[in-house]
Amino acid sequence: MGNKDLQGVTVVEQETYVVPDISIKELLSAIPPHCFKRSALKSSVYLLWDFFVIACIYKGSHLSSPSCPLYFGRFALWTLYGFWAGLFATGVWVIGHECGHQAFSESKTINNAVGLIVHSAIGVPYHSWRITHAKHHASTGHMTQDQVFVPHTRSELGLPPMNPNGEELLGSRVTEEVKKELWEALGDSPIGAVIGSHNISYLGGWPAYIILNASGQHRYPKGTNHFDPNAVLFKPHQYYQIIISDIGIIAWLCAVLYSIYTFGFFEVFRVYLVPYLWINHWLVLITFLQHTDPLLPHYRAPEFTFSRGALATLDRNLLGDCGKIMAWIGSHATNGISETHVLHHVSSKIPHYHAWEASDALKKRLRGLGIHIEGAAGGWREMYRVYRECKFVEDEGDVVFFKNAYGIAKTRPVYPTESASDSGVEVDTK
């Protein structure tokens, strides 16, 4: 994206995004049939492997701790333990998430039983989140139906109405006067952007979403949360599933409090709570970057289809900006949730151990259509960049892209010659 300053007006050369006109049937046809097969045995082996690795990390840290010199050495050791245990525990979260998509096995009973246990053990209300997450999949990138990481509009942020004389709707031309006005309302210093992106990914992320609907759908009433069975998020027949999820969270809280009473707060904090906070961190960082980028469109009802929403996401190599070894560890530890995400939105019942092959086949088909779904490596540097470049979208337009704090958009839509076809995919939220 090149910038040109012409007599107080900034004009940018935007990238173009061809709005896809492809059915979900065509996307699914690119995937080898065996990739759709689910195995309770194979899924269980991966789950046990994640627990085994975490146990080895704990045992190694526990045995090494007495030989560490002074306080600093032990602090560094257990800090590393928290990081690595949290990274692999995110893989446990991913398998629980697959249970919610019925990708763990062919049995719905097994899926929900395993998912309830696994997700409750890491503070996730299983059925509550399973239901809203299914809605997210059905309406990914939809401005009024998506459930999470919904962009703020100009009016929601209280910004001045768009001035056609000072700026273009699609964000390719902005006067210095408008840039200054927007920057004063939205701009971040580098330090401010670091703090803001840090709050999104670590301090304010996952708990704020399930308790306060933070970063969720803006049209929901104040007080919407994942624990109230009467919340607008749920249907009446899902009432008791929400109660079961709440019981799971109460049992989890009781187990944590009992452990603190028995072993002491410090022991529980370093062994369980620090990795738990890292799970929250990775969960929000991964999902934020999958769905937020100046290259990604968001749709309003007239232009939305299931397949367009599924392709309005990005695959990113988690920790890829830290080198090839860290990239491999990041993808292995988290079971490829970041690297095969677009495939996951095309067909969420494909288990992670088939997702790599399925994703490669899907990307081959999409590349033939001129559609590219790979973003920059996922990590803290990318979090900072995206936070600075994605501030708001306009109230007008059926296909919108993020604008930065100067009112400039990196991307503009190019419409296909034929009208979009809906996929007709039905998402099970029962």
# chains A, B, ... in the order shown; residues from 1 in each chain; ligands from 1
>>> select_by_dssp(residues="range 158-190 of chain A", states="helix (DSSP H, G or I)", output="VMD selection string")
chain A and resid 176 to 186 190
>>> residues_around(residues="range 385-392 of chain A", least_positions_apart="4", cutoff="7 Å", atoms="only C-alpha atoms", output="list of chain:residue names")
A:Pro151, A:His152, A:Thr153, A:Arg154, A:Ala193, A:Ser197, A:Asp293, A:Pro294, A:Arg381, A:Phe402, A:Lys403, A:Asn404, A:Ala405
>>> atom_distance(atom1="CA of Gly86 in chain A", atom2="CA of Val274 in chain A")
7.5 Å
>>> closest_residue(among="A:Ser64, A:Ser172, A:Thr262, A:Ser107", to="Tyr406 in chain A", atoms="only C-alpha atoms")
A:Ser172
>>> atom_distance(atom1="CA of Arg74 in chain A", atom2="CA of Ile260 in chain A")
20.6 Å
>>> atom_distance(atom1="CA of Cys99 in chain A", atom2="CA of His218 in chain A")
27.8 Å
>>> closest_residue(among="A:His97, A:His332, A:Ile247, A:Gln238", to="Val53 in chain A", atoms="only C-alpha atoms")
A:His332
>>> closest_residue(among="A:Asn111, A:Thr140, A:Ser245, A:Asn280", to="Pro207 in chain A", atoms="only C-alpha atoms")
A:Asn280
